[in-house]
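Let me begin by presenting the structure, written as structure tokens, before commenting on it.
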Amino acid sequence: MGRFEILEHTADTGIRACARSAEEALISAALGMFSILTDPDRVDPVREIEVEVDAPDREALLHDWLEELLFQSQTRNMLFSRFEVQRLEETHLSAAAYGESLDPDKHPLKLEIKAVTYHRLKFGPAKAGWEATVIFDV
Amino acid sequence: MSLLDEVERLDEFRWRIPRRVREGMRVPGVVFASRQLLEQAALDGALEQVVNVAYLPGIVGASLAMPDIHWGYGFPIGGVAAMDRADGVVSPGGVGYDISCGVRLVRSCLQQSEVKARIHELAQELARVIPKGLGAKGRLGLNRRELEDVLRHGAPRLIAGGIGWEEDLEYIEEQGAHRGADPGKVSERAFERGAGQVGTLGSGNHFLEVQAVQEVYDQEAARGFGLFEGQVVVMIHSGSRGLGHQVATDYIKIMDRVVQRKHISLPDRQLVCAPVESSEGSDYLAAMACAANFALCNREAMTHFARQAFSSVFGRSPQELGMSLLYDVSHNLAKPERHEVEGRERDVVVHRKGATRAFAPGRPEVPAAYRHLGQPVLIPGDMGRYSFVLTGLESGMVRSFGSTCHGAGRRMSRHQAKRTVHGEELKRRLQEQGIVVMAGRMQELSEEAPEAYKDVEEIVEVCEGAGLSKRVARLKPMAVLKG
């Protein structure tokens, strides 16, 4: 599995995810984003949603994947804690996200993410596998 | 050589980044700051961002930064850029994700001494009637058609339905309705994210505060704005919620494609833009106007709830309590305006991202009752210290397209603040100073601790020194409502 670290700047927050493969880096980045919102260990992956993303390039694919998860989370009032990449091409992604309805008593809410930005957006092969970097507007 | 070494001192509070520092800059950068604030901005990486904005097609005058400048993605927070309407661009990143995030101030005729004894009761009532925090739903229950009406027509539509007062409109920027708003340019996704959110505070640095006028600097202006020492007022800081965030996200994505298609070279992908006169540019402005109308209605609805809360606690109608609107002004917008640039009048789109419009006396956009004084500018500070009412100046019209700062700006990251400050302890400390805090989450409260922010007084002093705005009154919090 990949891992992620939270990047903190004075006014904003981001993540850097590292993994052996592009698929795992996308999963780690998603997990990283939901760990900024809440504690994913407390989110039971009981409901599945399908996610399809098409983007003009690889970086935009990372952006659009996270943006779609954020949109699904806010409009369905759900949190996600498990992700599966079913098909990944250069500019297309089919995936599934698993989670449950937001319950303020069960899920500690840490921070609201307003948007995924393109600033310093990176997604590509790195020293030991793949790396994804993204900054959020919080 | 670092960028800071290349900065030229114009005077104590104005610094120029000459065009020669980077090939591709169309105009110089000008930063309004003290030496110390300038150095902070350089360390922060925000000066680089002032330089990056100077690359944008059609930018006129200079790429500007207000004294509360700090690093943002793309444009710096505190950035101001005017683009020629005929051959310039509009950039959604130059407005930010929280479109028309802004501040309003509501007066009362109550004295601090009358309110002090009942401040707990008042804070609890406000917390009860105003939905706040993540995922909060509003109490208006607007259906899809009503939401479209609100986006198209702005605050007048809400007021026609009995939420807010007719006379408020005169004291809201654009009389409560941004022109050119077209809900057809707002995506379904944005409608979905904004559903149910009119009249909700949100989270983060947004707040509603009951404040008292602590000090008056300019008696004439204070009288003109209906302010007096010891008076209780209500300040609301909020924006366009999920709808605005999604409009920004959608159009940044659309313009990312435009930039690739037209091979516009930009130093940062977040600076994507489209010509003002293109279909993408005008569609964005039409959608942005909808989000701005949403934000105005959001603050108008919360004003309505706050009036009800005061009324139920003090047993008098909001009218009897004198709860009229002083002003409502945004600090995240792109606006078509006319300004004098290098000696001639030009039609421009002024981007203000974390900067407040501060128009001088005499400008027709300033409400008639204040026109001889200048436009009121509302600057929120942190929850422990104070906020400010300022007014626009003639010198600011030429120097900063009639713009000034928007707040204190963070000094500590959220993580740092959480490590340094404990939520419960902070609440107790504020209580000892006579400030009642109602917060959804203690952890978030510590992120918003006073020490996590710069001293806003230092910022407004620099604005005054730089000739952008001048102080009218200082407001001290009595009760704070956080998301």
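Just remember, in the structure tokens the first chain shown is A, the second B, etc., residues are 1-based per chain, and ligands are 1-based in the order shown.
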Residue contacts of Ala291 (chain B) (8 Å, only C-alpha atoms) excluding same-chain residues fewer than 2 positions away, as a PyMOL selection string:
chain B and resi 99-100+151+240+243-244+247+287-289+293-295
Output file for the residues above (C-alpha atoms, as a PDB file, in the first residue's frame):
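Below is the file that was written, again_18.pdb:
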ATOM      1  CA  ILE B  99     -16.894  33.779  -4.524  1.00  0.00           C
ATOM      2  CA  SER B 100     -18.121  36.979  -2.875  1.00  0.00           C
ATOM      3  CA  LEU B 151     -29.255  33.578  -8.209  1.00  0.00           C
ATOM      4  CA  SER B 240     -21.297  31.607  -1.259  1.00  0.00           C
ATOM      5  CA  LEU B 243     -22.438  26.767  -4.775  1.00  0.00           C
ATOM      6  CA  GLY B 244     -19.618  29.300  -5.127  1.00  0.00           C
ATOM      7  CA  VAL B 247     -18.790  27.528  -9.796  1.00  0.00           C
ATOM      8  CA  ALA B 287     -22.032  32.425 -13.192  1.00  0.00           C
ATOM      9  CA  MET B 288     -19.835  34.392 -10.767  1.00  0.00           C
ATOM     10  CA  ALA B 289     -22.587  37.024 -10.495  1.00  0.00           C
ATOM     11  CA  ASN B 293     -25.997  36.968  -5.422  1.00  0.00           C
ATOM     12  CA  PHE B 294     -26.094  33.700  -3.469  1.00  0.00           C
ATOM     13  CA  ALA B 295     -23.548  35.114  -1.002  1.00  0.00           C
TER      14      ALA B 295
END
Problem - 7 Å contacts from chain B to chain A using only C-alpha atoms, as a ChimeraX atom specification - result: /B:73-74,97,134,192-193,203,245,249,268-270,410-413
Close residues, region 156-158 of chain B itself excluded, 8 Å, only C-alpha atoms, min 5 positions apart in chain, as a short mmCIF file (atom, residue, chain, number, x, y, z; two decimals) with N, CA and C atoms, in the first residue's frame:
data_model
loop_
_atom_site.label_atom_id
_atom_site.label_comp_id
_atom_site.auth_asym_id
_atom_site.auth_seq_id
_atom_site.Cartn_x
_atom_site.Cartn_y
_atom_site.Cartn_z
N ASP B 149 -34.20 31.85 -8.90
CA ASP B 149 -34.64 33.25 -8.78
C ASP B 149 -33.67 34.07 -7.94
N VAL B 150 -33.22 33.46 -6.85
CA VAL B 150 -32.28 34.13 -5.95
C VAL B 150 -30.95 34.39 -6.70
N ILE B 163 -37.82 38.01 3.83
CA ILE B 163 -36.55 37.79 4.53
C ILE B 163 -35.68 39.02 4.30
N GLY B 164 -35.50 39.83 5.32
CA GLY B 164 -34.70 41.06 5.19
C GLY B 164 -35.59 42.26 4.94
N GLU B 166 -36.44 45.97 2.94
CA GLU B 166 -36.30 46.70 1.69
C GLU B 166 -35.15 47.73 1.77
N LEU B 169 -31.26 47.13 0.96
CA LEU B 169 -30.70 47.04 -0.40
C LEU B 169 -29.76 48.19 -0.73
N GLY B 176 -27.59 44.90 -3.86
CA GLY B 176 -28.03 43.54 -3.55
C GLY B 176 -28.21 42.62 -4.74
N ALA B 177 -27.93 43.12 -5.95
CA ALA B 177 -28.12 42.27 -7.14
C ALA B 177 -27.02 42.54 -8.16
N CYS B 297 -27.47 36.92 -0.51
CA CYS B 297 -28.70 36.37 0.09
C CYS B 297 -28.38 35.57 1.34
N ALA B 301 -30.05 36.53 4.76
CA ALA B 301 -30.87 35.58 5.52
C ALA B 301 -30.37 35.48 6.96
#
Practice prompt. Check region 287-467 of chain B with DSSP on the backbone and list each residue it calls strand (DSSP E or B), as a PyMOL selection string.
Written response: chain B and resi 325-330+332-341+344-353+356-357+376-379+387-392+403-404+410+436-439+453
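Rounded to one decimal, CA of Leu69 (chain A) and CA of Ile6 (chain A) lie 18.0 Å from each other.
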As a VMD selection string, please: every residue in chain A that a backbone DSSP assignment puts in helix (DSSP H, G or I).
chain A and resid 22 to 37 40 to 42 58 to 76
Note to self: I'd like the neighbourhood of region 25-27 of chain A as a count of residues only, where a residue qualifies if any of its atoms comes within 7 Å (using only C-alpha atoms), though same-chain residues fewer than 3 positions away should be ignored.
What the structure shows: 13
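Of the listed residues (B:Ser2, B:Thr356, B:Ser469, B:Ser400), B:Thr356 comes nearest to Ile77 (chain B); the distances count only C-alpha atoms.
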CA of Arg399 (chain B) to CA of Leu333 (chain B) measures 18.6 Å
List the neighbours of Gln214 (chain B) out to 7 Å using only C-alpha atoms; skip same-chain residues closer than 2 positions along the sequence, and give me the result as a PyMOL selection string. chain B and resi 212+229-230+474-476
Kindly export the residues of the current selection with N, CA, C and O atoms, as a JSON list (two decimals), in the first residue's frame.
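File part37.json, as written:
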[["chain", "number", "residue", "atom", "x", "y", "z"],
["B", 212, "ALA", "N", -19.00, 45.46, 20.21],
["B", 212, "ALA", "CA", -19.28, 46.79, 20.74],
["B", 212, "ALA", "C", -18.27, 47.76, 20.14],
["B", 212, "ALA", "O", -17.10, 47.41, 19.95],
["B", 229, "GLU", "N", -19.61, 55.29, 20.30],
["B", 229, "GLU", "CA", -18.87, 54.47, 21.27],
["B", 229, "GLU", "C", -19.82, 53.75, 22.21],
["B", 229, "GLU", "O", -20.79, 54.33, 22.69],
["B", 230, "GLY", "N", -19.53, 52.47, 22.49],
["B", 230, "GLY", "CA", -20.35, 51.68, 23.39],
["B", 230, "GLY", "C", -21.54, 51.01, 22.70],
["B", 230, "GLY", "O", -22.25, 50.20, 23.31],
["B", 474, "ARG", "N", -13.16, 51.10, 15.84],
["B", 474, "ARG", "CA", -12.68, 49.78, 16.21],
["B", 474, "ARG", "C", -13.77, 49.06, 16.99],
["B", 474, "ARG", "O", -14.41, 49.66, 17.87],
["B", 475, "LEU", "N", -13.99, 47.79, 16.68],
["B", 475, "LEU", "CA", -15.08, 47.02, 17.27],
["B", 475, "LEU", "C", -14.51, 45.86, 18.07],
["B", 475, "LEU", "O", -13.62, 45.15, 17.61],
["B", 476, "LYS", "N", -15.05, 45.66, 19.26],
["B", 476, "LYS", "CA", -14.54, 44.61, 20.16],
["B", 476, "LYS", "C", -15.57, 43.49, 20.26],
["B", 476, "LYS", "O", -16.75, 43.75, 20.49]]
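Picture a line from CA of Gly93 (chain B) to CA of His351 (chain B); it runs 9.3 Å.
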- [ ] Do a neighbour search on region 38-52 of chain B at 6 Å with only C-alpha atoms, toss out local chain neighbours closer than 6 positions, and write the hits as a ChimeraX atom specification.
- [x] /B:70-71,75-76
Practice item. Fewer than 3 positions away in the same chain doesn't count, so skip those; otherwise give me all residues within 12 Å of Gln231 (chain B), counting only C-alpha atoms, as number ranges by chain. Key: B: 106-116, 210-216, 222-223, 226-228, 234, 321-323, 473-478
